[in-house]
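Novice: Here you go, work_5.txt (compact mmCIF, C-alpha atoms and all ligand atoms):
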# COMPACT_ATOMS: atom_id res chain seq x y z
CA THR Q 1 -20.23 238.98 136.77
CA GLU Q 2 -22.79 236.30 136.17
CA GLU Q 3 -20.10 233.86 135.34
CA MET Q 4 -20.02 230.81 137.46
CA ILE Q 5 -17.08 228.52 137.19
CA ARG Q 6 -17.15 225.31 139.04
CA ARG Q 7 -15.33 222.06 138.98
CA SER Q 8 -17.61 219.47 137.51
CA ASP Q 9 -18.39 216.75 139.98
CA LYS Q 10 -21.29 215.53 137.97
CA LEU Q 11 -19.46 212.79 136.17
CA SER Q 12 -21.32 209.62 136.98
CA ALA Q 13 -19.69 206.95 139.12
CA LEU Q 14 -19.62 204.77 136.03
CA GLY Q 15 -17.89 207.49 134.03
CA GLN Q 16 -15.25 207.88 136.71
CA MET Q 17 -14.63 204.17 136.83
CA ALA Q 18 -14.37 204.00 133.06
CA ALA Q 19 -11.85 206.83 133.00
CA GLY Q 20 -9.82 205.03 135.67
CA ILE Q 21 -9.84 201.79 133.72
CA ALA Q 22 -8.89 203.63 130.54
CA HIS Q 23 -5.88 205.01 132.35
CA GLU Q 24 -4.86 201.57 133.60
CA ILE Q 25 -5.11 200.08 130.12
CA ARG Q 26 -2.56 202.44 128.66
CA ASN Q 27 0.46 201.22 130.64
CA PRO Q 28 0.30 197.54 129.68
CA LEU Q 29 -0.52 198.69 126.15
CA THR Q 30 2.73 200.62 125.93
CA ALA Q 31 4.67 197.57 127.13
CA LEU Q 32 2.93 195.32 124.59
CA LYS Q 33 3.72 197.73 121.79
CA GLY Q 34 7.38 197.78 122.75
CA PHE Q 35 7.67 193.99 122.74
CA VAL Q 36 5.82 193.63 119.44
CA GLN Q 37 8.24 196.10 117.89
CA LEU Q 38 11.14 194.12 119.35
CA LEU Q 39 9.79 190.82 117.98
CA LYS Q 40 9.20 192.40 114.61
CA SER Q 41 12.79 193.50 114.35
CA GLN Q 42 14.02 190.02 115.33
CA SER Q 43 11.80 187.96 113.02
CA PRO Q 44 12.16 188.80 109.37
CA ASN Q 45 9.36 186.34 108.48
CA HIS Q 46 5.76 187.48 108.29
CA PRO Q 47 6.30 191.18 108.99
CA ILE Q 48 2.64 191.74 108.11
CA TYR Q 49 1.51 189.95 111.31
CA PHE Q 50 3.47 192.40 113.39
CA GLU Q 51 2.14 195.30 111.39
CA ILE Q 52 -1.39 194.13 112.12
CA MET Q 53 -0.65 193.70 115.82
CA LEU Q 54 0.86 197.17 115.97
CA SER Q 55 -2.01 198.81 114.17
CA GLU Q 56 -4.56 197.03 116.38
CA LEU Q 57 -2.65 198.17 119.46
CA GLU Q 58 -2.67 201.67 118.02
CA ARG Q 59 -6.42 201.45 117.63
CA ILE Q 60 -6.92 200.40 121.26
CA ASN Q 61 -4.71 203.27 122.26
CA PHE Q 62 -6.72 205.71 120.17
CA ILE Q 63 -10.04 204.62 121.65
CA VAL Q 64 -8.72 204.73 125.19
CA THR Q 65 -7.13 208.15 124.71
CA GLU Q 66 -10.30 209.52 123.12
CA PHE Q 67 -12.36 208.12 125.96
CA MET Q 68 -10.13 209.64 128.63
CA ARG Q 69 -10.26 212.99 126.91
CA MET Q 70 -14.03 212.95 126.90
CA ALA Q 71 -14.62 211.47 130.34
CA LYS Q 72 -12.19 213.80 132.06
CA PRO Q 73 -13.94 216.30 134.31
CA GLN Q 74 -13.50 219.75 132.81
CA THR Q 75 -13.94 223.21 134.17
CA GLU Q 76 -17.46 224.26 133.45
CA SER Q 77 -18.48 227.76 132.64
CA PHE Q 78 -22.21 228.43 132.61
CA GLN Q 79 -23.32 231.83 131.33
CA HIS Q 80 -26.26 233.36 129.49
CA HIS Q 81 -25.68 233.02 125.77
CA ASP Q 82 -27.49 233.75 122.56
CA LEU Q 83 -28.06 230.33 121.04
CA ALA Q 84 -28.40 231.88 117.57
CA VAL Q 85 -24.85 233.23 117.80
CA ILE Q 86 -23.44 229.90 118.99
CA THR Q 87 -25.29 228.15 116.15
CA GLU Q 88 -24.11 230.56 113.46
CA ASN Q 89 -20.60 230.10 114.74
CA ILE Q 90 -20.67 226.31 114.58
CA VAL Q 91 -22.57 226.14 111.31
CA SER Q 92 -20.03 228.33 109.54
CA PHE Q 93 -17.22 226.28 111.10
CA MET Q 94 -18.72 222.95 110.00
CA SER Q 95 -19.83 224.25 106.58
CA ALA Q 96 -16.22 224.50 105.50
CA GLN Q 97 -16.00 220.73 105.95
CA ALA Q 98 -19.50 219.96 104.65
CA ILE Q 99 -18.94 221.78 101.37
CA LEU Q 100 -16.22 219.28 100.47
CA TYR Q 101 -18.91 216.59 100.44
CA ASN Q 102 -21.49 218.67 98.57
CA ILE Q 103 -23.47 219.25 101.71
CA GLU Q 104 -25.18 222.50 102.64
CA ILE Q 105 -26.05 223.25 106.26
CA LYS Q 106 -29.20 225.36 106.31
CA MET Q 107 -30.13 227.34 109.42
CA VAL Q 108 -33.78 227.98 110.19
CA LEU Q 109 -33.85 230.13 113.32
CA GLU Q 110 -36.97 231.63 114.79
CA PRO Q 111 -36.42 235.39 115.25
CA SER Q 112 -35.52 236.86 118.67
CA LEU Q 113 -34.76 233.68 120.51
CA PRO Q 114 -34.21 234.11 124.25
CA HIS Q 115 -30.77 233.65 125.76
CA ILE Q 116 -30.12 230.40 127.53
CA TYR Q 117 -27.97 229.53 130.51
CA CYS Q 118 -25.38 227.12 129.18
CA ASP Q 119 -21.75 226.11 128.89
CA GLU Q 120 -20.88 227.43 125.44
CA ASN Q 121 -18.01 225.02 124.77
CA GLN Q 122 -20.01 221.99 125.82
CA LEU Q 123 -22.95 222.95 123.61
CA LYS Q 124 -20.62 223.57 120.70
CA GLN Q 125 -19.21 220.10 121.26
CA VAL Q 126 -22.70 218.62 120.99
CA PHE Q 127 -23.47 220.50 117.76
CA ILE Q 128 -20.14 219.47 116.26
CA ASN Q 129 -20.69 215.80 117.18
CA VAL Q 130 -24.19 215.79 115.72
CA LEU Q 131 -23.28 217.68 112.53
CA LYS Q 132 -20.28 215.43 112.04
CA ASN Q 133 -22.53 212.37 112.19
CA ALA Q 134 -24.94 213.97 109.72
CA ILE Q 135 -22.11 214.76 107.30
CA GLU Q 136 -20.71 211.24 107.65
CA ALA Q 137 -24.18 209.81 106.91
CA MET Q 138 -24.66 211.80 103.70
CA SER Q 139 -22.22 210.28 101.28
CA GLY Q 140 -24.31 211.53 98.37
CA GLY Q 141 -24.41 215.17 99.49
CA GLY Q 142 -27.58 217.13 100.21
CA VAL Q 143 -28.94 219.46 102.85
CA ILE Q 144 -28.68 219.36 106.63
CA GLU Q 145 -31.27 221.49 108.40
CA PHE Q 146 -30.50 223.15 111.72
CA LYS Q 147 -33.74 224.50 113.18
CA ILE Q 148 -34.35 226.31 116.45
CA LYS Q 149 -37.74 227.35 117.72
CA ARG Q 150 -39.45 228.23 120.99
CA GLN Q 151 -41.68 225.72 122.66
CA PRO Q 152 -44.28 226.08 125.38
CA GLY Q 153 -42.92 225.66 128.89
CA ALA Q 154 -39.96 228.02 128.39
CA LYS Q 155 -38.09 225.55 126.26
CA LEU Q 156 -36.03 225.87 123.14
CA LYS Q 157 -36.26 223.09 120.60
CA ILE Q 158 -33.37 222.32 118.30
CA GLU Q 159 -33.80 219.91 115.41
CA ILE Q 160 -30.92 218.81 113.25
CA SER Q 161 -32.02 216.65 110.34
CA ASP Q 162 -30.05 215.05 107.57
CA GLN Q 163 -30.80 213.29 104.30
CA GLY Q 164 -28.72 210.21 104.99
CA PRO Q 165 -29.97 206.62 105.07
CA GLY Q 166 -31.41 207.01 108.58
CA ILE Q 167 -31.01 204.60 111.47
CA PRO Q 168 -32.56 201.12 111.60
CA GLU Q 169 -35.26 200.88 114.26
CA ASP Q 170 -33.47 198.19 116.25
CA GLN Q 171 -30.42 200.45 116.59
CA ILE Q 172 -32.21 203.52 117.92
CA ALA Q 173 -32.12 202.21 121.49
CA LEU Q 174 -28.37 201.61 121.24
CA LEU Q 175 -27.52 205.20 120.31
CA GLY Q 176 -25.46 206.83 123.01
CA SER Q 177 -24.24 203.57 124.53
CA PRO Q 178 -20.48 203.80 124.97
CA PHE Q 179 -18.66 202.38 121.93
CA PHE Q 180 -21.77 201.73 119.86
CA THR Q 181 -20.64 202.49 116.32
CA THR Q 182 -21.43 201.18 112.86
CA LYS Q 183 -18.47 202.98 111.31
CA GLU Q 184 -15.11 201.57 110.47
CA GLY Q 185 -12.80 203.64 112.62
CA GLY Q 186 -15.71 205.07 114.65
CA THR Q 187 -15.41 205.50 118.41
CA GLY Q 188 -19.07 205.38 119.38
CA LEU Q 189 -18.42 208.13 121.90
CA GLY Q 190 -19.82 211.22 120.18
CA LEU Q 191 -23.46 210.60 121.08
CA MET Q 192 -22.66 209.32 124.57
CA VAL Q 193 -20.89 212.58 125.36
CA SER Q 194 -23.68 214.60 123.71
CA TYR Q 195 -26.38 212.93 125.83
CA GLN Q 196 -24.30 213.57 128.93
CA ILE Q 197 -23.82 217.27 128.11
CA ILE Q 198 -27.49 217.89 127.36
CA GLU Q 199 -28.47 216.13 130.59
CA ASN Q 200 -25.99 218.39 132.36
CA HIS Q 201 -28.03 221.31 130.98
CA ASN Q 202 -31.29 219.81 132.30
CA GLY Q 203 -32.33 219.25 128.72
CA LYS Q 204 -33.34 216.27 126.64
CA LEU Q 205 -31.80 214.68 123.56
CA TYR Q 206 -33.46 212.04 121.43
CA ILE Q 207 -33.11 210.79 117.90
CA THR Q 208 -35.79 209.83 115.44
CA SER Q 209 -35.48 208.27 112.03
CA GLU Q 210 -37.87 207.18 109.37
CA ALA Q 211 -36.85 204.60 106.84
CA ASP Q 212 -35.12 206.28 103.90
CA SER Q 213 -35.72 209.84 105.04
CA GLY Q 214 -32.69 210.48 107.20
CA ALA Q 215 -32.27 211.02 110.91
CA THR Q 216 -33.29 213.90 113.15
CA VAL Q 217 -31.58 214.78 116.41
CA HIS Q 218 -33.96 216.59 118.77
CA ILE Q 219 -32.57 218.68 121.61
CA GLU Q 220 -34.70 220.49 124.16
CA LEU Q 221 -33.08 223.07 126.40
CA PRO Q 222 -34.65 225.14 129.17
CA GLU Q 223 -34.58 228.93 128.57
P1 LIG Y 1 -19.32 207.37 115.75
O1 LIG Y 1 -19.68 208.56 114.92
O2 LIG Y 1 -17.86 207.36 116.12
O3 LIG Y 1 -19.76 206.07 115.15
P2 LIG Y 1 -21.38 208.33 117.51
O4 LIG Y 1 -21.65 208.13 118.97
O5 LIG Y 1 -21.25 209.73 117.05
O6 LIG Y 1 -20.08 207.49 117.15
O7 LIG Y 1 -22.54 207.64 116.67
C1 LIG Y 1 -22.86 206.28 116.95
C2 LIG Y 1 -23.60 205.62 115.80
O8 LIG Y 1 -24.89 206.21 115.66
C3 LIG Y 1 -22.97 205.80 114.44
O9 LIG Y 1 -21.93 204.86 114.22
C4 LIG Y 1 -24.16 205.56 113.51
O10 LIG Y 1 -24.43 204.18 113.36
C5 LIG Y 1 -25.31 206.14 114.31
N1 LIG Y 1 -25.65 207.51 113.86
C6 LIG Y 1 -25.45 208.65 114.54
N2 LIG Y 1 -25.89 209.72 113.85
C7 LIG Y 1 -26.39 209.24 112.69
C8 LIG Y 1 -27.02 209.85 111.53
N3 LIG Y 1 -27.20 211.16 111.44
N4 LIG Y 1 -27.42 209.02 110.52
C9 LIG Y 1 -27.25 207.69 110.61
N5 LIG Y 1 -26.67 207.06 111.66
C10 LIG Y 1 -26.24 207.82 112.69
MG MG Y 2 -19.81 210.52 115.63
In structure tokens, write the structure found in this file.
Ligand code: ADP
Ligand code: MG

Specialist:
Amino acid sequence: TEEMIRRSDKLSALGQMAAGIAHEIRNPLTALKGFVQLLKSQSPNHPIYFEIMLSELERINFIVTEFMRMAKPQTESFQHHDLAVITENIVSFMSAQAILYNIEIKMVLEPSLPHIYCDENQLKQVFINVLKNAIEAMSGGGVIEFKIKRQPGAKLKIEISDQGPGIPEDQIALLGSPFFTTKEGGTGLGLMVSYQIIENHNGKLYITSEADSGATVHIELPE
């Protein structure tokens, strides 16, 4: 078969170090949590302080766990896939969630798109991360457009645009930096992972935004 499975060794040195550190953080965290629980049970005064400490520890744990999950090298599986099928799949999956917020995800696919050589699960992860951000940005509902067209130079161009508030110009350069988030409870990992995956496909990802007209995520992939 054409299937090619290989162990990813492409994780950057920085990514490997970060995953190692994340792992090392979890042990002391578990000890801290245990002692805070112990103190809480022994000091009836100010239980709220202990609650706050515990929930902050939980938050560190969540971020670290999420980071480890994403930075962990995974088995890659590159194959030729029909991008239209992958897109339809993800759009119908995410539409179930979007509809709850009065959001419609509209697909605009150029007919007879060529197949591309890609890791299906990784690409799906990128589309989910990007659509999730778009949904989270559109508190007032509206339409998300998911466009795919051919471009000169044997490239496919994907554009995912939303009708949210957009991204302030001074934040554009920060997108994709680990832990950059403007959301309460955000991880700031979704775009970092998405950039990494698209790079892994020899493609390009960039984000544009015009004041008050939403954000557009542009993805170029080689055919
Ligand atoms: P998270 O969603 O956990 O915050 P991401 O890496 O997915 O992490 O996104 C990082 C930040 O980029 C978000 O917190 C937000 O400020 C900004 N962002 C991403 N996508 C959009 C979008 N479609 N509209 C507005 N801001 C966005
Ligand atoms: Mg996100």

Novice: Given a cut-off of 7 Å, what residues near ligand LIG 1 (chain Y) show up using all atoms listed in the file, put as a PDB file with C-alpha atoms, keeping the file's coordinate frame?

Specialist:
ATOM      1  CA  ASN Q 129     -20.690 215.800 117.180  1.00  0.00           C
ATOM      2  CA  VAL Q 130     -24.190 215.790 115.720  1.00  0.00           C
ATOM      3  CA  ASN Q 133     -22.530 212.370 112.190  1.00  0.00           C
ATOM      4  CA  ALA Q 134     -24.940 213.970 109.720  1.00  0.00           C
ATOM      5  CA  ALA Q 137     -24.180 209.810 106.910  1.00  0.00           C
ATOM      6  CA  ASP Q 162     -30.050 215.050 107.570  1.00  0.00           C
ATOM      7  CA  GLY Q 164     -28.720 210.210 104.990  1.00  0.00           C
ATOM      8  CA  PRO Q 165     -29.970 206.620 105.070  1.00  0.00           C
ATOM      9  CA  GLY Q 166     -31.410 207.010 108.580  1.00  0.00           C
ATOM     10  CA  ILE Q 167     -31.010 204.600 111.470  1.00  0.00           C
ATOM     11  CA  LEU Q 175     -27.520 205.200 120.310  1.00  0.00           C
ATOM     12  CA  GLY Q 176     -25.460 206.830 123.010  1.00  0.00           C
ATOM     13  CA  PHE Q 180     -21.770 201.730 119.860  1.00  0.00           C
ATOM     14  CA  THR Q 181     -20.640 202.490 116.320  1.00  0.00           C
ATOM     15  CA  THR Q 182     -21.430 201.180 112.860  1.00  0.00           C
ATOM     16  CA  LYS Q 183     -18.470 202.980 111.310  1.00  0.00           C
ATOM     17  CA  GLY Q 186     -15.710 205.070 114.650  1.00  0.00           C
ATOM     18  CA  THR Q 187     -15.410 205.500 118.410  1.00  0.00           C
ATOM     19  CA  GLY Q 188     -19.070 205.380 119.380  1.00  0.00           C
ATOM     20  CA  LEU Q 189     -18.420 208.130 121.900  1.00  0.00           C
ATOM     21  CA  GLY Q 190     -19.820 211.220 120.180  1.00  0.00           C
ATOM     22  CA  LEU Q 191     -23.460 210.600 121.080  1.00  0.00           C
ATOM     23  CA  MET Q 192     -22.660 209.320 124.570  1.00  0.00           C
ATOM     24  CA  GLY Q 214     -32.690 210.480 107.200  1.00  0.00           C
ATOM     25  CA  ALA Q 215     -32.270 211.020 110.910  1.00  0.00           C
ATOM     26  CA  THR Q 216     -33.290 213.900 113.150  1.00  0.00           C
TER      27      THR Q 216
END

Novice: Of the candidates Q:Glu136, Q:Glu24, Q:Glu76, Q:Glu210, which shows the shortest atom-to-atom distance to ligand MG 2 (chain Y), using all atoms listed in the file?

Specialist: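 When distances to ligand MG 2 (chain Y) are compared using all atoms listed in the file, the smallest one comes from Q:Glu136.
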
Novice: Select, from Q:Lys40, Q:Arg150, Q:His23, Q:Arg69, the residue with the minimum atom-to-atom distance to Ser112 of chain Q, counting all atoms listed in the file.

Specialist: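 Checking each of Q:Lys40, Q:Arg150, Q:His23, Q:Arg69 against Ser112 of chain Q, counting all atoms listed in the file, the winner is Q:Arg150.
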
Novice: Please provide as a ChimeraX atom specification all residues within 7 Å of segment 114-126 of chain Q, with the sequence filter that same-chain residues fewer than 3 positions apart are discarded (counting all atoms listed in the file).

Specialist: /Q:76-83,90,129-130,194,197,201,223

Novice: Between Q:Glu199, Q:Glu184, Q:Glu88, Q:Asp212, which has the minimum distance to ligand MG 2 (chain Y) (counting all atoms listed in the file)?

Specialist: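 Smallest distance to ligand MG 2 (chain Y) is found for Q:Glu184.
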
Novice: Could I get segment 133-166 of chain Q rebuilt with N, CA and C atoms, written as an mmCIF file, in the frame of the given file?

Specialist:
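Dumped everything to selection.cif:
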data_model
loop_
_atom_site.group_PDB
_atom_site.id
_atom_site.type_symbol
_atom_site.label_atom_id
_atom_site.label_comp_id
_atom_site.auth_asym_id
_atom_site.auth_seq_id
_atom_site.Cartn_x
_atom_site.Cartn_y
_atom_site.Cartn_z
ATOM 1 N N ASN Q 133 -21.808 213.604 112.512
ATOM 2 C CA ASN Q 133 -22.530 212.370 112.190
ATOM 3 C C ASN Q 133 -23.403 212.556 110.956
ATOM 4 N N ALA Q 134 -24.062 213.715 110.874
ATOM 5 C CA ALA Q 134 -24.940 213.970 109.720
ATOM 6 C C ALA Q 134 -24.118 214.001 108.438
ATOM 7 N N ILE Q 135 -22.982 214.676 108.490
ATOM 8 C CA ILE Q 135 -22.110 214.760 107.300
ATOM 9 C C ILE Q 135 -21.628 213.355 106.917
ATOM 10 N N GLU Q 136 -21.226 212.596 107.925
ATOM 11 C CA GLU Q 136 -20.710 211.240 107.650
ATOM 12 C C GLU Q 136 -21.805 210.333 107.077
ATOM 13 N N ALA Q 137 -23.077 210.653 107.398
ATOM 14 C CA ALA Q 137 -24.180 209.810 106.910
ATOM 15 C C ALA Q 137 -24.569 210.143 105.472
ATOM 16 N N MET Q 138 -24.175 211.353 105.004
ATOM 17 C CA MET Q 138 -24.660 211.800 103.700
ATOM 18 C C MET Q 138 -23.602 211.700 102.615
ATOM 19 N N SER Q 139 -23.290 210.473 102.256
ATOM 20 C CA SER Q 139 -22.220 210.280 101.280
ATOM 21 C C SER Q 139 -22.590 210.854 99.918
ATOM 22 N N GLY Q 140 -23.891 210.994 99.665
ATOM 23 C CA GLY Q 140 -24.310 211.530 98.370
ATOM 24 C C GLY Q 140 -24.534 213.028 98.344
ATOM 25 N N GLY Q 141 -24.160 213.730 99.410
ATOM 26 C CA GLY Q 141 -24.410 215.170 99.490
ATOM 27 C C GLY Q 141 -25.853 215.463 99.849
ATOM 28 N N GLY Q 142 -26.213 216.749 99.858
ATOM 29 C CA GLY Q 142 -27.580 217.130 100.210
ATOM 30 C C GLY Q 142 -27.615 218.268 101.211
ATOM 31 N N VAL Q 143 -28.732 218.346 101.928
ATOM 32 C CA VAL Q 143 -28.940 219.460 102.850
ATOM 33 C C VAL Q 143 -29.145 218.964 104.273
ATOM 34 N N ILE Q 144 -28.443 219.601 105.197
ATOM 35 C CA ILE Q 144 -28.680 219.360 106.630
ATOM 36 C C ILE Q 144 -29.432 220.590 107.141
ATOM 37 N N GLU Q 145 -30.525 220.357 107.847
ATOM 38 C CA GLU Q 145 -31.270 221.490 108.400
ATOM 39 C C GLU Q 145 -31.018 221.621 109.883
ATOM 40 N N PHE Q 146 -30.742 222.849 110.311
ATOM 41 C CA PHE Q 146 -30.500 223.150 111.720
ATOM 42 C C PHE Q 146 -31.564 224.141 112.145
ATOM 43 N N LYS Q 147 -32.597 223.638 112.832
ATOM 44 C CA LYS Q 147 -33.740 224.500 113.180
ATOM 45 C C LYS Q 147 -33.759 224.779 114.676
ATOM 46 N N ILE Q 148 -34.120 226.000 115.028
ATOM 47 C CA ILE Q 148 -34.350 226.310 116.450
ATOM 48 C C ILE Q 148 -35.656 227.086 116.573
ATOM 49 N N LYS Q 149 -36.486 226.616 117.476
ATOM 50 C CA LYS Q 149 -37.740 227.350 117.720
ATOM 51 C C LYS Q 149 -38.080 227.312 119.206
ATOM 52 N N ARG Q 150 -38.974 228.204 119.603
ATOM 53 C CA ARG Q 150 -39.450 228.230 120.990
ATOM 54 C C ARG Q 150 -40.540 227.194 121.144
ATOM 55 N N GLN Q 151 -40.606 226.659 122.365
ATOM 56 C CA GLN Q 151 -41.680 225.720 122.660
ATOM 57 C C GLN Q 151 -42.347 226.124 123.956
ATOM 58 N N PRO Q 152 -43.613 225.753 124.119
ATOM 59 C CA PRO Q 152 -44.280 226.080 125.380
ATOM 60 C C PRO Q 152 -43.496 225.516 126.562
ATOM 61 N N GLY Q 153 -43.617 226.153 127.703
ATOM 62 C CA GLY Q 153 -42.920 225.660 128.890
ATOM 63 C C GLY Q 153 -41.513 226.196 128.957
ATOM 64 N N ALA Q 154 -41.274 227.373 128.353
ATOM 65 C CA ALA Q 154 -39.960 228.020 128.390
ATOM 66 C C ALA Q 154 -38.852 227.081 127.933
ATOM 67 N N LYS Q 155 -39.094 226.465 126.799
ATOM 68 C CA LYS Q 155 -38.090 225.550 126.260
ATOM 69 C C LYS Q 155 -37.688 225.976 124.847
ATOM 70 N N LEU Q 156 -36.458 225.687 124.514
ATOM 71 C CA LEU Q 156 -36.030 225.870 123.140
ATOM 72 C C LEU Q 156 -35.879 224.488 122.524
ATOM 73 N N LYS Q 157 -36.329 224.383 121.266
ATOM 74 C CA LYS Q 157 -36.260 223.090 120.600
ATOM 75 C C LYS Q 157 -35.314 223.212 119.412
ATOM 76 N N ILE Q 158 -34.323 222.357 119.400
ATOM 77 C CA ILE Q 158 -33.370 222.320 118.300
ATOM 78 C C ILE Q 158 -33.604 221.022 117.531
ATOM 79 N N GLU Q 159 -33.663 221.121 116.225
ATOM 80 C CA GLU Q 159 -33.800 219.910 115.410
ATOM 81 C C GLU Q 159 -32.757 219.932 114.310
ATOM 82 N N ILE Q 160 -31.947 218.895 114.285
ATOM 83 C CA ILE Q 160 -30.920 218.810 113.250
ATOM 84 C C ILE Q 160 -31.231 217.575 112.412
ATOM 85 N N SER Q 161 -31.644 217.812 111.157
ATOM 86 C CA SER Q 161 -32.020 216.650 110.340
ATOM 87 C C SER Q 161 -31.152 216.527 109.101
ATOM 88 N N ASP Q 162 -30.892 215.298 108.741
ATOM 89 C CA ASP Q 162 -30.050 215.050 107.570
ATOM 90 C C ASP Q 162 -30.815 214.241 106.526
ATOM 91 N N GLN Q 163 -30.183 214.064 105.384
ATOM 92 C CA GLN Q 163 -30.800 213.290 104.300
ATOM 93 C C GLN Q 163 -30.021 212.011 104.041
ATOM 94 N N GLY Q 164 -29.452 211.472 105.105
ATOM 95 C CA GLY Q 164 -28.720 210.210 104.990
ATOM 96 C C GLY Q 164 -29.676 209.034 104.970
ATOM 97 N N PRO Q 165 -29.151 207.823 105.146
ATOM 98 C CA PRO Q 165 -29.970 206.620 105.070
ATOM 99 C C PRO Q 165 -30.841 206.391 106.310
ATOM 100 N N GLY Q 166 -30.651 207.215 107.355
ATOM 101 C CA GLY Q 166 -31.410 207.010 108.580
ATOM 102 C C GLY Q 166 -30.814 205.912 109.443
#
